[in-house]
$ cat query.cif   # mmCIF, C-alpha atoms and all ligand atoms
data_my_file
#
loop_
_atom_site.label_atom_id
_atom_site.label_comp_id
_atom_site.auth_asym_id
_atom_site.auth_seq_id
_atom_site.Cartn_x
_atom_site.Cartn_y
_atom_site.Cartn_z
CA MET A 1 18.00 -16.39 -7.19
CA SER A 2 19.70 -14.60 -4.35
CA ILE A 3 18.54 -14.97 -0.78
CA LEU A 4 15.21 -13.48 0.24
CA LYS A 5 15.50 -10.58 2.67
CA ILE A 6 12.46 -9.40 4.57
CA ILE A 7 12.21 -5.88 5.99
CA ALA A 8 9.22 -5.16 8.22
CA LEU A 9 7.92 -1.74 9.18
CA LEU A 10 5.94 -1.91 12.37
CA ASN A 11 4.55 0.19 15.16
CA GLU A 12 1.25 -0.22 16.93
CA LYS A 13 0.87 3.55 16.87
CA GLY A 14 -1.32 4.64 13.97
CA GLY A 15 0.08 7.21 11.57
CA SER A 16 3.70 6.73 12.61
CA GLY A 17 4.90 6.51 9.01
CA LYS A 18 4.94 2.74 8.37
CA SER A 19 3.26 2.89 4.95
CA THR A 20 5.18 5.95 3.77
CA LEU A 21 8.52 4.39 4.64
CA SER A 22 7.56 0.96 3.25
CA ILE A 23 6.63 2.52 -0.09
CA ASN A 24 9.78 4.62 -0.37
CA ILE A 25 12.19 1.90 0.78
CA ALA A 26 10.57 -0.61 -1.60
CA THR A 27 10.77 1.89 -4.48
CA ALA A 28 14.40 2.79 -3.73
CA LEU A 29 15.43 -0.89 -3.86
CA HIS A 30 13.31 -1.49 -6.96
CA ARG A 31 14.97 1.45 -8.76
CA ARG A 32 18.35 -0.10 -7.95
CA GLY A 33 17.29 -3.04 -10.07
CA GLU A 34 16.37 -5.36 -7.18
CA LYS A 35 13.41 -7.69 -7.40
CA VAL A 36 11.14 -6.23 -4.73
CA VAL A 37 7.63 -7.01 -3.61
CA LEU A 38 5.81 -4.72 -1.20
CA ILE A 39 3.44 -6.68 1.00
CA ASP A 40 0.40 -4.85 2.26
CA ALA A 41 -0.40 -6.68 5.50
CA ASP A 42 -2.84 -3.97 6.57
CA PRO A 43 -6.57 -4.50 5.89
CA GLN A 44 -6.76 -0.70 5.64
CA GLY A 45 -4.95 -1.20 2.32
CA THR A 46 -2.79 1.94 2.13
CA ALA A 47 -0.13 0.32 -0.07
CA ARG A 48 -2.82 -1.17 -2.36
CA ASP A 49 -4.58 2.18 -2.67
CA TRP A 50 -1.21 3.82 -3.33
CA ARG A 51 -0.40 1.42 -6.15
CA GLU A 52 -3.89 1.76 -7.61
CA ALA A 53 -3.38 5.51 -7.75
CA SER A 54 -0.09 5.11 -9.66
CA PRO A 55 0.08 6.34 -13.23
CA GLU A 56 0.20 3.61 -15.85
CA ASN A 57 3.76 2.42 -16.60
CA ALA A 58 5.12 3.92 -13.39
CA ASP A 59 8.40 2.26 -12.45
CA LEU A 60 7.33 0.95 -9.04
CA PRO A 61 7.44 -2.33 -7.13
CA SER A 62 4.38 -4.55 -7.19
CA VAL A 63 2.13 -4.69 -4.16
CA VAL A 64 0.69 -7.94 -2.85
CA ALA A 65 -2.08 -7.95 -0.25
CA LEU A 66 -1.65 -10.47 2.56
CA ASP A 67 -3.81 -9.80 5.54
CA ARG A 68 -4.16 -13.30 7.01
CA PRO A 69 -1.43 -13.79 9.61
CA GLU A 70 -1.65 -17.58 9.36
CA LEU A 71 -0.96 -17.55 5.60
CA LEU A 72 1.88 -15.04 5.70
CA LEU A 73 4.86 -17.40 5.65
CA SER A 74 3.57 -19.84 3.05
CA SER A 75 2.47 -16.99 0.79
CA ILE A 76 5.81 -15.20 1.03
CA LYS A 77 7.67 -18.40 0.17
CA ALA A 78 5.73 -18.47 -3.10
CA ILE A 79 6.82 -14.96 -4.06
CA ALA A 80 9.62 -14.70 -6.60
CA ALA A 81 11.55 -11.75 -5.17
CA ASN A 82 14.81 -11.15 -3.39
CA TRP A 83 13.35 -8.36 -1.28
CA VAL A 84 10.08 -8.31 0.59
CA ILE A 85 9.06 -5.14 2.38
CA ILE A 86 6.10 -5.60 4.74
CA ASP A 87 3.84 -2.73 5.67
CA THR A 88 2.02 -3.81 8.84
CA PRO A 89 -1.19 -2.48 10.39
CA ALA A 90 -1.44 -0.52 13.62
CA LYS A 91 -3.06 -2.41 16.50
CA ALA A 92 -2.77 -5.91 15.11
CA GLU A 93 -0.60 -7.87 17.44
CA ARG A 94 -1.20 -11.25 15.79
CA MET A 95 -0.17 -9.99 12.36
CA SER A 96 2.83 -8.13 13.75
CA ALA A 97 3.96 -11.19 15.72
CA ASN A 98 3.81 -13.31 12.56
CA VAL A 99 5.66 -10.67 10.58
CA ILE A 100 8.43 -10.43 13.18
CA ARG A 101 8.80 -14.21 13.17
CA ILE A 102 9.82 -14.14 9.48
CA ALA A 103 11.52 -10.72 9.21
CA ASN A 104 15.30 -10.27 8.93
CA ILE A 105 15.08 -6.56 9.68
CA ALA A 106 12.47 -4.63 11.69
CA LEU A 107 12.26 -0.88 11.51
CA ILE A 108 10.04 0.92 14.01
CA PRO A 109 9.11 4.41 12.79
CA VAL A 110 8.59 6.90 15.61
CA GLN A 111 7.67 10.54 15.46
CA PRO A 112 9.68 12.65 17.89
CA SER A 113 7.14 12.93 20.68
CA ALA A 114 7.18 11.20 24.04
CA ALA A 115 3.76 9.64 23.36
CA ASP A 116 5.05 8.10 20.13
CA VAL A 117 8.15 6.73 21.80
CA TRP A 118 6.09 5.16 24.62
CA ALA A 119 3.64 3.70 22.13
CA SER A 120 6.47 1.81 20.41
CA ALA A 121 6.93 -0.45 23.45
CA ALA A 122 4.70 -3.17 21.97
CA ALA A 123 6.85 -3.37 18.81
CA VAL A 124 10.04 -3.56 20.88
CA LYS A 125 8.50 -6.37 22.94
CA LEU A 126 7.71 -8.38 19.81
CA VAL A 127 11.29 -8.02 18.56
CA GLN A 128 12.66 -8.90 22.00
CA SER A 129 10.52 -12.02 22.26
CA LYS A 130 11.99 -13.31 18.98
CA ILE A 131 15.53 -12.65 20.22
CA ASP A 132 14.73 -14.31 23.58
CA VAL A 133 13.96 -17.61 21.87
CA GLY A 134 17.17 -17.46 19.84
CA GLY A 135 15.66 -15.85 16.73
CA GLN A 136 17.79 -13.69 14.47
CA ILE A 137 16.61 -10.21 13.68
CA HIS A 138 18.16 -6.77 13.26
CA ALA A 139 15.94 -4.03 14.61
CA ALA A 140 16.05 -0.28 15.14
CA PHE A 141 13.89 2.75 15.61
CA ILE A 142 13.76 5.28 12.81
CA ALA A 143 12.69 8.85 13.51
CA THR A 144 10.04 10.13 11.11
CA ARG A 145 8.34 13.45 10.43
CA VAL A 146 11.17 15.16 12.23
CA SER A 147 11.15 18.91 12.34
CA GLY A 148 14.76 19.77 13.15
CA GLN A 149 13.70 23.14 14.48
CA THR A 150 11.86 22.07 17.60
CA LYS A 151 13.54 21.66 20.98
CA LEU A 152 11.48 18.54 21.66
CA SER A 153 12.65 16.89 18.42
CA LYS A 154 16.25 17.58 19.33
CA GLU A 155 15.84 16.29 22.88
CA ILE A 156 14.14 13.10 21.83
CA LEU A 157 16.60 12.36 19.04
CA ALA A 158 19.56 12.93 21.34
CA GLY A 159 18.03 10.75 24.09
CA ASN A 160 19.24 7.38 25.25
CA TRP A 161 17.48 5.04 22.84
CA ASN A 162 19.12 1.93 24.19
CA GLU A 163 17.04 2.35 27.31
CA TYR A 164 14.10 1.42 25.07
CA GLY A 165 15.92 -1.76 24.09
CA LEU A 166 16.91 -0.91 20.50
CA PRO A 167 19.18 1.56 18.71
CA LEU A 168 17.99 4.58 16.73
CA MET A 169 19.02 4.78 13.07
CA ALA A 170 21.31 7.77 12.49
CA THR A 171 19.28 8.65 9.40
CA ALA A 172 16.14 10.59 10.30
CA ILE A 173 13.20 11.18 7.98
CA ALA A 174 12.10 14.81 7.98
CA ASN A 175 8.58 16.12 7.79
CA ARG A 176 8.24 16.94 4.08
CA VAL A 177 5.22 17.66 1.92
CA SER A 178 6.78 15.47 -0.81
CA TYR A 179 6.14 12.31 1.25
CA ALA A 180 2.43 13.01 1.60
CA GLN A 181 2.03 14.39 -1.93
CA SER A 182 3.86 11.56 -3.70
CA LEU A 183 1.93 8.97 -1.71
CA SER A 184 -1.41 10.41 -2.77
CA ASP A 185 -0.19 10.58 -6.38
CA GLY A 186 0.64 6.86 -6.29
CA LEU A 187 4.35 7.67 -6.59
CA SER A 188 7.46 7.92 -4.42
CA VAL A 189 9.73 10.77 -3.40
CA PHE A 190 12.03 9.60 -6.22
CA ASP A 191 9.39 10.92 -8.61
CA THR A 192 9.44 14.41 -7.09
CA THR A 193 11.94 17.26 -7.25
CA ASP A 194 12.58 17.00 -3.51
CA GLN A 195 16.28 16.09 -3.52
CA ALA A 196 16.53 16.14 0.26
CA ALA A 197 13.86 13.45 0.58
CA LYS A 198 15.59 11.23 -2.01
CA VAL A 199 18.91 11.73 -0.23
CA GLU A 200 17.49 10.68 3.14
CA ILE A 201 15.83 7.50 1.82
CA ASP A 202 19.08 6.58 0.03
CA ALA A 203 21.00 7.37 3.23
CA LEU A 204 18.74 5.04 5.17
CA ILE A 205 19.47 2.18 2.78
CA THR A 206 23.20 2.94 2.83
CA GLU A 207 23.11 2.94 6.62
CA LEU A 208 21.45 -0.49 6.64
CA GLU A 209 24.15 -1.71 4.23
CA THR A 210 26.92 -0.22 6.36
CA LYS A 211 25.54 -1.97 9.43
CA GLY A 212 25.79 -5.19 7.43
CA TRP A 213 22.03 -5.75 7.75
CA LEU A 214 21.21 -5.90 4.04
N1 LIG B 301 8.08 12.16 6.54
C1 LIG B 301 6.83 12.61 6.36
N2 LIG B 301 6.60 13.90 6.04
C2 LIG B 301 5.33 14.36 5.89
N3 LIG B 301 4.24 13.61 6.01
C3 LIG B 301 4.39 12.32 6.34
C4 LIG B 301 5.69 11.73 6.53
N4 LIG B 301 5.53 10.42 6.84
C5 LIG B 301 4.21 10.19 6.85
N5 LIG B 301 3.51 11.31 6.55
C6 LIG B 301 2.04 11.47 6.48
O1 LIG B 301 1.53 11.06 7.74
C7 LIG B 301 0.35 10.29 7.57
C8 LIG B 301 0.55 8.90 8.20
O2 LIG B 301 1.60 8.25 7.52
P1 LIG B 301 1.51 6.71 7.15
O3 LIG B 301 0.21 6.38 6.50
O4 LIG B 301 2.75 6.36 6.45
O5 LIG B 301 1.52 6.09 8.63
P2 LIG B 301 1.17 4.59 9.07
O6 LIG B 301 2.01 4.30 10.25
O7 LIG B 301 1.27 3.69 7.92
O8 LIG B 301 -0.36 4.75 9.49
P3 LIG B 301 -1.39 3.55 9.86
O9 LIG B 301 -1.02 3.14 11.25
O10 LIG B 301 -2.73 4.19 9.77
O11 LIG B 301 -1.17 2.46 8.87
C9 LIG B 301 0.08 10.25 6.09
O12 LIG B 301 -0.83 11.27 5.78
C10 LIG B 301 1.43 10.54 5.46
O13 LIG B 301 1.31 11.18 4.21
MG MG B 302 -0.11 2.32 7.15
#
$ encode --input "query.cif" --output "structure tokens"
Amino acid sequence: MSILKIIALLNEKGGSGKSTLSINIATALHRRGEKVVLIDADPQGTARDWREASPENADLPSVVALDRPELLLSSIKAIAANWVIIDTPAKAERMSANVIRIANIALIPVQPSAADVWASAAAVKLVQSKIDVGGQIHAAFIATRVSGQTKLSKEILAGNWNEYGLPLMATAIANRVSYAQSLSDGLSVFDTTDQAAKVEIDALITELETKGWL
């Protein structure tokens, strides 16, 4: 089996888009024929609820619930997959610290508002503390629920992200009804007619590949 790659979605800020992105990234990789497991590390259980809502025979990755930080690594080692996507909870430093310890890639979803950017400091700190002790991890912010129209969106996206310690992915995720609708239907944007949403999730994966992170 090929090497296991672990992508973590984290941000202490609730509602930043962690579950939505986890689900769509996991589904995109799954539909490319990869062996993907989506780990629901959030006791809230969004990814579990999502999968339970899925129609029978839907072509989606399986979801495994792991909400004990101390069992995370041993449980993941037992999973037969070459991709693990981890959806983490808001406000759960112990879980997030354990996830960062094992992740190859960390994506921090941020909505384009100053409050959301400030609230991502805890996630940046966790990534930084792994790097400080010689750990290897690729990490970036990803803008979510972007409304290209607003001046604030534009200002924040054009800002100096390196001052927050990490780069911003060039691919931004727009605010689209298809994300919310497909999630509640137990499906992904790849199951909708929203081409733009499919294109941006594919672009995100291509960007990760181009960076040499995947
Ligand atoms: N790109 C988007 N366009 C439109 N709605 C979105 C988008 N991303 C997320 N949402 C909606 O925003 C809400 C929060 O998203 P999500 O559950 O993914 O965030 P989260 O970070 O996982 O939240 P929590 O911290 O509670 O786990 C959901 O209702 C979701 O449908
Ligand atoms: Mg969530």
$ atom_distance --input "query.cif" --atom1 "CA of Ala47 in chain A" --atom2 "CA of Ser96 in chain A"
16.5 Å
$ closest_residue --input "query.cif" --among "A:Ser16, A:Ser120, A:Ser184, A:Ser113" --to "Ile156 in chain A" --atoms "only C-alpha atoms"
A:Ser113
$ closest_residue --input "query.cif" --among "A:Ala53, A:Leu183, A:Leu29, A:Met169" --to "ligand MG 302 (chain B)" --atoms "all atoms listed in the file"
A:Leu183
$ residues_near_point --input "query.cif" --point "(16.7, -13.8, 0.5)" --cutoff "12 Å" --atoms "all atoms listed in the file" --output "PyMOL selection string"
chain A and resi 1-7+34-36+76-77+79-85+102-105+214
$ residues_near_ligand --input "query.cif" --ligand "ligand LIG 301 (chain B)" --cutoff "7 Å" --atoms "all atoms listed in the file" --output "PyMOL selection string"
chain A and resi 11-21+46+89-90+144-145+173-181+183
$ write_last_selection --input "query.cif" --atoms "C-alpha atoms" --output "PDB file, keeping the file's coordinate frame"
ATOM      1  CA  ASN A  11       4.550   0.190  15.160  1.00  0.00           C
ATOM      2  CA  GLU A  12       1.250  -0.220  16.930  1.00  0.00           C
ATOM      3  CA  LYS A  13       0.870   3.550  16.870  1.00  0.00           C
ATOM      4  CA  GLY A  14      -1.320   4.640  13.970  1.00  0.00           C
ATOM      5  CA  GLY A  15       0.080   7.210  11.570  1.00  0.00           C
ATOM      6  CA  SER A  16       3.700   6.730  12.610  1.00  0.00           C
ATOM      7  CA  GLY A  17       4.900   6.510   9.010  1.00  0.00           C
ATOM      8  CA  LYS A  18       4.940   2.740   8.370  1.00  0.00           C
ATOM      9  CA  SER A  19       3.260   2.890   4.950  1.00  0.00           C
ATOM     10  CA  THR A  20       5.180   5.950   3.770  1.00  0.00           C
ATOM     11  CA  LEU A  21       8.520   4.390   4.640  1.00  0.00           C
ATOM     12  CA  THR A  46      -2.790   1.940   2.130  1.00  0.00           C
ATOM     13  CA  PRO A  89      -1.190  -2.480  10.390  1.00  0.00           C
ATOM     14  CA  ALA A  90      -1.440  -0.520  13.620  1.00  0.00           C
ATOM     15  CA  THR A 144      10.040  10.130  11.110  1.00  0.00           C
ATOM     16  CA  ARG A 145       8.340  13.450  10.430  1.00  0.00           C
ATOM     17  CA  ILE A 173      13.200  11.180   7.980  1.00  0.00           C
ATOM     18  CA  ALA A 174      12.100  14.810   7.980  1.00  0.00           C
ATOM     19  CA  ASN A 175       8.580  16.120   7.790  1.00  0.00           C
ATOM     20  CA  ARG A 176       8.240  16.940   4.080  1.00  0.00           C
ATOM     21  CA  VAL A 177       5.220  17.660   1.920  1.00  0.00           C
ATOM     22  CA  SER A 178       6.780  15.470  -0.810  1.00  0.00           C
ATOM     23  CA  TYR A 179       6.140  12.310   1.250  1.00  0.00           C
ATOM     24  CA  ALA A 180       2.430  13.010   1.600  1.00  0.00           C
ATOM     25  CA  GLN A 181       2.030  14.390  -1.930  1.00  0.00           C
ATOM     26  CA  LEU A 183       1.930   8.970  -1.710  1.00  0.00           C
TER      27      LEU A 183
END
$ atom_distance --input "query.cif" --atom1 "CA of Arg51 in chain A" --atom2 "CA of Ser188 in chain A"
10.3 Å
$ closest_residue --input "query.cif" --among "A:Ala122, A:Ala197, A:Ala143, A:Val189" --to "Ala26 in chain A" --atoms "only C-alpha atoms"
A:Val189
$ closest_residue --input "query.cif" --among "A:Asp202, A:Arg101, A:Gln128, A:Glu93" --to "Leu72 in chain A" --atoms "all atoms listed in the file"
A:Arg101
$ closest_residue --input "query.cif" --among "A:Pro61, A:Pro69, A:Pro109, A:Gly148" --to "ligand MG 302 (chain B)" --atoms "only C-alpha atoms and all ligand atoms"
A:Pro109
$ atom_distance --input "query.cif" --atom1 "CA of Ala203 in chain A" --atom2 "CA of Ala41 in chain A"
25.7 Å
$ closest_residue --input "query.cif" --among "A:Ser75, A:Trp161, A:Asp87, A:Glu52" --to "ligand MG 302 (chain B)" --atoms "all atoms listed in the file"
A:Asp87
$ residues_around --input "query.cif" --residues "Tyr164 in chain A" --least-positions-apart "6" --cutoff "10 Å" --atoms "all atoms listed in the file" --output "PyMOL selection string"
chain A and resi 117-118+120-121+124-125+141
$ residues_near_point --input "query.cif" --point "(5.4, 13.8, 23.9)" --cutoff "12 Å" --atoms "all atoms listed in the file" --output "ChimeraX atom specification"
/A:110-119,151-153,155-156
$ residues_around --input "query.cif" --residues "Ser54 in chain A" --least-positions-apart "5" --cutoff "7 Å" --atoms "all atoms listed in the file" --output "PyMOL selection string"
chain A and resi 185-187
